[in-house]
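Report on the following structure.
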Amino acid sequence: MFYLFDWFRSFLPLHNPIGFGVVDFIELGLGLMLVLFGLLGSQIARIAHALARRTAWCMAILFVLPIALRLLLALGVHPIPTPNVSDDFSYLLLGDTLAHFRLANPPHPLHRFFETFYVLQEPTYSSIYPLGQGIVLALGELIFRSPWAGVAISAGALAALAYWMLRGWTTPEWSLAGGLLCVIEFGPLSHWMNSYWGGAVSACAGCLAFGALPRLRANPSLWNGALLGLGIGIEMLSRPFESVLLVTAFIFLLALSRRAAWKAMPAAALVITACAGLIYLHNKRVTGDGLTLPYALSRYQYGIPAAFTIQPNVVPHRELTPQQRLAYQIQASVHGEGTDTFRSWFFRLAGRAGFYRFFFPAPIYLALPFCFLFVRSYWPLLLTIFWFAGGTNFYPYFYPHYIAALAGVFVLVSVVSLAALSRFSPAAASLILFFCFAHFALWYGVHFGRNEAMWRYESWDAINYGDPDGRLAIQSELSKTPGKKLVFVRYRPQHRITEWVFNAADIDSAPVVWARDLGFAANQELIRYYPDRKQFLLEADARPPTLEPYEIPRREAPAPVSKPPSKLKFEDVK
C-alpha cells in the first residue's frame, strides 16, 4: 500500500510506484492543465474580465498571492530563508541598526576581531549599503520579529504596484495578466524573495515612477507628481547610482509630455528633496561626511566593491584580513588593469544579454518580436531600457537587481507583446500566457513535492534551501548551551572567501558574538572584555564545520596565507 504522495517521491520510472518518469509527469501535468484550460477557459476569462476593473481588489489579491505561496512552501521543505552570503549579512546589519532607531553604530573598541565583508568598522560600525532594503528589513524585525517579513511584504507590494502601473499604460485585463506574471517571475521562487539583499524595493520604486508618468500626462495633479517623486526617492534610497539613470530618463520622458505635466513637479521635487535629506543624514552619521556614501568609503578603505570600469582599480587604505585581501584581488582582476575601452565595454554589454531572462518567462520570448508593432507608442520606454543597460555596464559585475527599477517596464513589454500577438491570433497569445503559468506551476510543484533531484535543473529560480555551509547546524549546537557565547572563528591556510564573522548591530548585547581567531595571546584581550561569555572555537574549514570549547591550543595554527587563483568569478566571493 502506498500513499498518493509517494507517486512523486521519485522521478525515476523503476523507482516510481506507477512507473512514471520525469517526462511522463511533465506531459501529464501539461495535458491536465490544457484540458482544464479548454473546459474552464471561458469561465476564467469572464471572472478575470470582471475582476480586472476592480483596482483595489486586484491590488489586494496580488499583494497577498506571492506571500501566501511562499508561506505555503515554508510549511514544508522550504522554511524562511536563511542568510548565506556576505551581502545578506550586511543588509541584516543595516536592518538591525535601523530597528534600534539609529543610522549607525559606534565603533567597537576591539573592532579588529570583527573585520568582515561589506561592513565598516571605522569611523562607525555600519553596513556599507544604502537605506532602502534596510528599511523593509527593519520593519519586518520590528513588526513581525523577522527581517524576512519585510522581504515578503516588498515582494507583495511589487506585484500590486506592477498592476497599478500597468493600468496607466494598457487595458485592465492585460494589467491583471501582467500582475500575475510579476508574481510568477519575482515571487515565491525568485531570488528577490529568497534572500536579504533584495530587488523588490527598487522594482517598487520603478513601478511608482513609471506608473505616475501616464497619469501625469492625463492629469498633472500634485498627487501624481508626489507619486513620481516617491518612486524616484525610493530608488535613490535603494540604488543611488541607478537613481541618476532614472532621473535623467524621466527628464527626457517628461520633455516629451504635454507642458502641463510640469505643473506637478514641485510636489515631486519636495518628496525627492526629503529623500535626499535622509541620504545626507545617513551618510553624515555613517561616514562623517554627508556627501560620502558608505559604499564609497568602503571602496576607499578596503578596495571593494570594485571601482567603475572607467576608473582605475582602487588601492586599499587599511590593513586587510587574508579573506579581504583575496576578495580584493579577485574583484581587481575582474575589473581588469587600466580603464575601459569601447571594445571591452561593448563585449561586456553583449555578454549580459542572458541576464534579461530573469525578467521574462521563457514562453514570452515567442511574443517579444510583436512588441515592435507598438514601437511608435512605447519607443521612449525602449530607449530607457537601453539607457539603463548602457549605464550599468560600467559595473565590472552585473546582477538583475541592478536594473530592478525597470522590472515593471519589462512586464509592460511582455503584456504589450502579447496584446500585439492577440491581434493576429488570440489563441496563440492565450497559449503563451498559459505556458508561462504552467512553467511556474511545474517548478512550484517540484518544490512543494520535495523532489530535490530536480532542483538543480531550474534556470532563474533561486529558493534558499539547505545548509551548504553548515551554519544552521552550528547555530543549533550553540542554542543548546545556556548563556551568552563568544565564538572564535579559525580559518585554515587554504580557506577561500566564505565568511563566518558577522554580528548584530549591538555586538556587546548579542547572544552570540562571532570573532576572528587572532591567536591565543591576542584572543585573551577579547576574552577579558567578555568575562561572562562561554568561549568556543569554530573550525570553519572542517567538513562539516566543528564547534568545541575554546582551550589553550597545543600548537598555534599557522597564519593563513591566501593567494588569488588564476581565474575566479565574482560568485567565488560569495
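Ordered as shown in the C-alpha cells, chains take letters A, B, and onward, while each chain numbers its residues from 1 and ligands are numbered from 1 in the order shown.
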Each region 384-493 of chain A residue no farther than 10 Å from region 235-246 of chain A, nearest pair in Å, only C-alpha atoms, as JSON lines:
```
{"residue": "A:Thr384", "atom": "CA", "partner": "A:Leu246", "partner_atom": "CA", "distance": 8.4}
{"residue": "A:Trp387", "atom": "CA", "partner": "A:Leu245", "partner_atom": "CA", "distance": 7.4}
{"residue": "A:Phe388", "atom": "CA", "partner": "A:Leu245", "partner_atom": "CA", "distance": 6.4}
{"residue": "A:Ala389", "atom": "CA", "partner": "A:Leu245", "partner_atom": "CA", "distance": 10.0}
{"residue": "A:Gly390", "atom": "CA", "partner": "A:Leu245", "partner_atom": "CA", "distance": 9.9}
{"residue": "A:Gly391", "atom": "CA", "partner": "A:Leu245", "partner_atom": "CA", "distance": 7.1}
{"residue": "A:Thr392", "atom": "CA", "partner": "A:Glu242", "partner_atom": "CA", "distance": 7.5}
{"residue": "A:His401", "atom": "CA", "partner": "A:Arg239", "partner_atom": "CA", "distance": 9.2}
{"residue": "A:Tyr402", "atom": "CA", "partner": "A:Glu242", "partner_atom": "CA", "distance": 7.4}
{"residue": "A:Ile403", "atom": "CA", "partner": "A:Glu242", "partner_atom": "CA", "distance": 7.4}
{"residue": "A:Ala404", "atom": "CA", "partner": "A:Arg239", "partner_atom": "CA", "distance": 9.3}
{"residue": "A:Ala405", "atom": "CA", "partner": "A:Glu235", "partner_atom": "CA", "distance": 7.3}
{"residue": "A:Leu406", "atom": "CA", "partner": "A:Leu246", "partner_atom": "CA", "distance": 9.3}
```
Once you count only C-alpha atoms, what closest atom pair and distance in Å to one decimal does each residue of region 412-516 of chain A within 7 Å of region 174-197 of chain A have, with rows by chain and rising residue number, as a Markdown table?
```
| residue | atom | partner | partner_atom | distance |
| --- | --- | --- | --- | --- |
| A:Leu412 | CA | A:Gly178 | CA | 7.0 |
| A:Val415 | CA | A:Gly178 | CA | 6.1 |
| A:Phe440 | CA | A:Ile184 | CA | 6.1 |
| A:Asp461 | CA | A:Ser190 | CA | 5.1 |
| A:Ala462 | CA | A:His191 | CA | 4.7 |
| A:Ile463 | CA | A:Asn194 | CA | 5.6 |
| A:Asn464 | CA | A:Asn194 | CA | 5.6 |
```
Saved selection, atoms kept: N, CA and C atoms, as a PDB file, in the first residue's frame:
```
ATOM      1  N   LEU A 412       5.567  45.327 -18.644  1.00  0.00           N
ATOM      2  CA  LEU A 412       4.775  46.048 -19.652  1.00  0.00           C
ATOM      3  C   LEU A 412       5.139  45.595 -21.064  1.00  0.00           C
ATOM      4  N   VAL A 415       3.362  42.244 -21.696  1.00  0.00           N
ATOM      5  CA  VAL A 415       1.921  42.276 -21.984  1.00  0.00           C
ATOM      6  C   VAL A 415       1.632  43.025 -23.284  1.00  0.00           C
ATOM      7  N   PHE A 440       5.646  27.936 -14.230  1.00  0.00           N
ATOM      8  CA  PHE A 440       5.714  28.232 -12.791  1.00  0.00           C
ATOM      9  C   PHE A 440       5.099  27.097 -11.977  1.00  0.00           C
ATOM     10  N   ASP A 461      15.102  30.384 -11.053  1.00  0.00           N
ATOM     11  CA  ASP A 461      14.539  30.278  -9.713  1.00  0.00           C
ATOM     12  C   ASP A 461      15.677  30.082  -8.718  1.00  0.00           C
ATOM     13  N   ALA A 462      15.520  30.600  -7.534  1.00  0.00           N
ATOM     14  CA  ALA A 462      16.637  30.561  -6.587  1.00  0.00           C
ATOM     15  C   ALA A 462      16.136  30.505  -5.156  1.00  0.00           C
ATOM     16  N   ILE A 463      15.428  29.439  -4.811  1.00  0.00           N
ATOM     17  CA  ILE A 463      14.990  29.284  -3.424  1.00  0.00           C
ATOM     18  C   ILE A 463      16.200  28.967  -2.551  1.00  0.00           C
ATOM     19  N   ASN A 464      16.275  29.677  -1.461  1.00  0.00           N
ATOM     20  CA  ASN A 464      17.348  29.452  -0.497  1.00  0.00           C
ATOM     21  C   ASN A 464      16.962  28.244   0.357  1.00  0.00           C
TER      22      ASN A 464
END
```
(message) So that I can see what lies close to region 136-144 of chain A, please list as a PyMOL selection string the residues with an atom at most 9 Å from it, counting only C-alpha atoms and leaving out residues fewer than 2 positions away in the same chain.
(response) chain A and resi 91-92+94-100+132-134+146-154+196+201
(request) Would you please extract all helix (DSSP H, G or I) residues from region 336-548 of chain A, as assigned by DSSP on the backbone, and give them as a VMD selection string? (result) chain A and resid 342 to 351 353 to 359 362 to 366 368 to 392 400 to 424 426 to 448 452 to 455 471 to 479 507 to 509 520 to 529
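Each of A:Leu93, A:Ser509, A:Trp164, A:Asn393 was compared to Phe346 (chain A) using only C-alpha atoms, and A:Asn393 turns out to be the nearest.
Proximity to Cys436 (chain A) was assessed for A:Val409, A:Leu421, A:Ala362, A:Gly31 counting only C-alpha atoms; the smallest distance is recorded for A:Ala362.
Omitting region 279-286 of chain A and its sequence neighbours fewer than 4 positions away, and counting only C-alpha atoms, the residues within 9 Å are Arg102, Leu103, Ala104, Asn105, Leu120, Glu122, Pro123, Thr124, Tyr125, Ser126, Ser127, Ile128, Pro130, Leu131, Met236, Leu237, Ala274, Cys275, Gly290, Leu291, Thr292, Leu293 and Pro294 of chain A.
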Would you save the residues of that selection, restricted to N, CA and C atoms, as a tab-separated table (two decimals), in the first residue's frame?
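As a result, selection.tsv now contains:
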```tsv
chain	number	residue	atom	x	y	z
A	102	ARG	N	18.54	53.93	14.98
A	102	ARG	CA	19.73	54.73	14.73
A	102	ARG	C	20.23	54.43	13.32
A	103	LEU	N	21.00	55.34	12.77
A	103	LEU	CA	21.50	55.21	11.41
A	103	LEU	C	22.89	54.58	11.35
A	104	ALA	N	23.59	54.57	12.47
A	104	ALA	CA	24.93	53.98	12.52
A	104	ALA	C	25.19	53.51	13.94
A	105	ASN	N	26.17	52.64	14.10
A	105	ASN	CA	26.55	52.13	15.42
A	105	ASN	C	27.93	52.64	15.79
A	120	LEU	N	31.69	48.47	7.51
A	120	LEU	CA	32.67	49.43	8.01
A	120	LEU	C	32.89	49.21	9.51
A	122	GLU	N	35.24	51.56	11.06
A	122	GLU	CA	35.56	52.94	11.42
A	122	GLU	C	35.13	53.87	10.28
A	123	PRO	N	34.69	55.06	10.55
A	123	PRO	CA	34.52	55.72	11.86
A	123	PRO	C	33.32	55.21	12.66
A	124	THR	N	32.47	54.40	12.03
A	124	THR	CA	31.35	53.79	12.73
A	124	THR	C	31.28	52.32	12.33
A	125	TYR	N	30.57	51.55	13.12
A	125	TYR	CA	30.32	50.14	12.80
A	125	TYR	C	28.99	50.10	12.05
A	126	SER	N	29.06	49.93	10.71
A	126	SER	CA	27.87	50.08	9.88
A	126	SER	C	27.98	49.25	8.61
A	127	SER	N	26.82	48.91	8.06
A	127	SER	CA	26.77	48.31	6.73
A	127	SER	C	27.16	49.36	5.70
A	128	ILE	N	27.67	48.88	4.57
A	128	ILE	CA	28.07	49.82	3.52
A	128	ILE	C	26.92	50.13	2.57
A	130	PRO	N	23.00	51.18	1.00
A	130	PRO	CA	22.04	52.28	1.18
A	130	PRO	C	20.81	51.83	1.95
A	131	LEU	N	19.98	52.79	2.31
A	131	LEU	CA	18.92	52.57	3.30
A	131	LEU	C	17.74	51.74	2.83
A	236	MET	N	16.46	56.33	-5.08
A	236	MET	CA	17.65	56.97	-4.52
A	236	MET	C	18.08	56.29	-3.22
A	237	LEU	N	17.12	55.91	-2.41
A	237	LEU	CA	17.42	55.24	-1.14
A	237	LEU	C	17.90	53.81	-1.34
A	274	ALA	N	13.20	65.47	0.30
A	274	ALA	CA	13.11	64.80	1.60
A	274	ALA	C	13.95	63.53	1.62
A	275	CYS	N	13.87	62.74	0.54
A	275	CYS	CA	14.66	61.51	0.46
A	275	CYS	C	16.15	61.82	0.38
A	290	GLY	N	28.39	64.12	4.83
A	290	GLY	CA	27.09	63.93	4.22
A	290	GLY	C	27.13	63.64	2.73
A	291	LEU	N	28.24	63.93	2.05
A	291	LEU	CA	28.35	63.69	0.62
A	291	LEU	C	29.14	62.43	0.30
A	292	THR	N	29.57	61.68	1.29
A	292	THR	CA	30.33	60.44	1.08
A	292	THR	C	29.46	59.24	1.44
A	293	LEU	N	29.13	58.45	0.44
A	293	LEU	CA	28.33	57.25	0.67
A	293	LEU	C	29.14	56.21	1.44
A	294	PRO	N	28.51	55.42	2.30
A	294	PRO	CA	29.23	54.31	2.96
A	294	PRO	C	29.89	53.38	1.95
```
(request) Name the residues in contact with region 316-319 of chain A at a cut-off of 7 Å, using only C-alpha atoms, excluding same-chain residues fewer than 5 positions from it; report them as a VMD selection string. (result) chain A and resid 300 to 303
Using N, CA and C atoms, can you write the selected residues to a file as a PDB file, in the first residue's frame?
```pdb
ATOM      1  N   TYR A 300      37.242  53.011  -0.605  1.00  0.00           N
ATOM      2  CA  TYR A 300      38.498  53.680  -0.264  1.00  0.00           C
ATOM      3  C   TYR A 300      39.287  52.873   0.765  1.00  0.00           C
ATOM      4  N   GLN A 301      38.596  52.363   1.772  1.00  0.00           N
ATOM      5  CA  GLN A 301      39.294  51.663   2.845  1.00  0.00           C
ATOM      6  C   GLN A 301      39.726  50.258   2.454  1.00  0.00           C
ATOM      7  N   TYR A 302      38.814  49.504   1.835  1.00  0.00           N
ATOM      8  CA  TYR A 302      39.059  48.082   1.584  1.00  0.00           C
ATOM      9  C   TYR A 302      39.330  47.755   0.114  1.00  0.00           C
ATOM     10  N   GLY A 303      39.100  48.702  -0.778  1.00  0.00           N
ATOM     11  CA  GLY A 303      39.297  48.433  -2.195  1.00  0.00           C
ATOM     12  C   GLY A 303      38.135  47.704  -2.851  1.00  0.00           C
TER      13      GLY A 303
END
```
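Between Asp517 (chain A) and the candidates A:Thr321, A:Thr55, A:Thr341, A:Ser422, the tightest atom-to-atom separation, counting only C-alpha atoms, involves A:Thr321.
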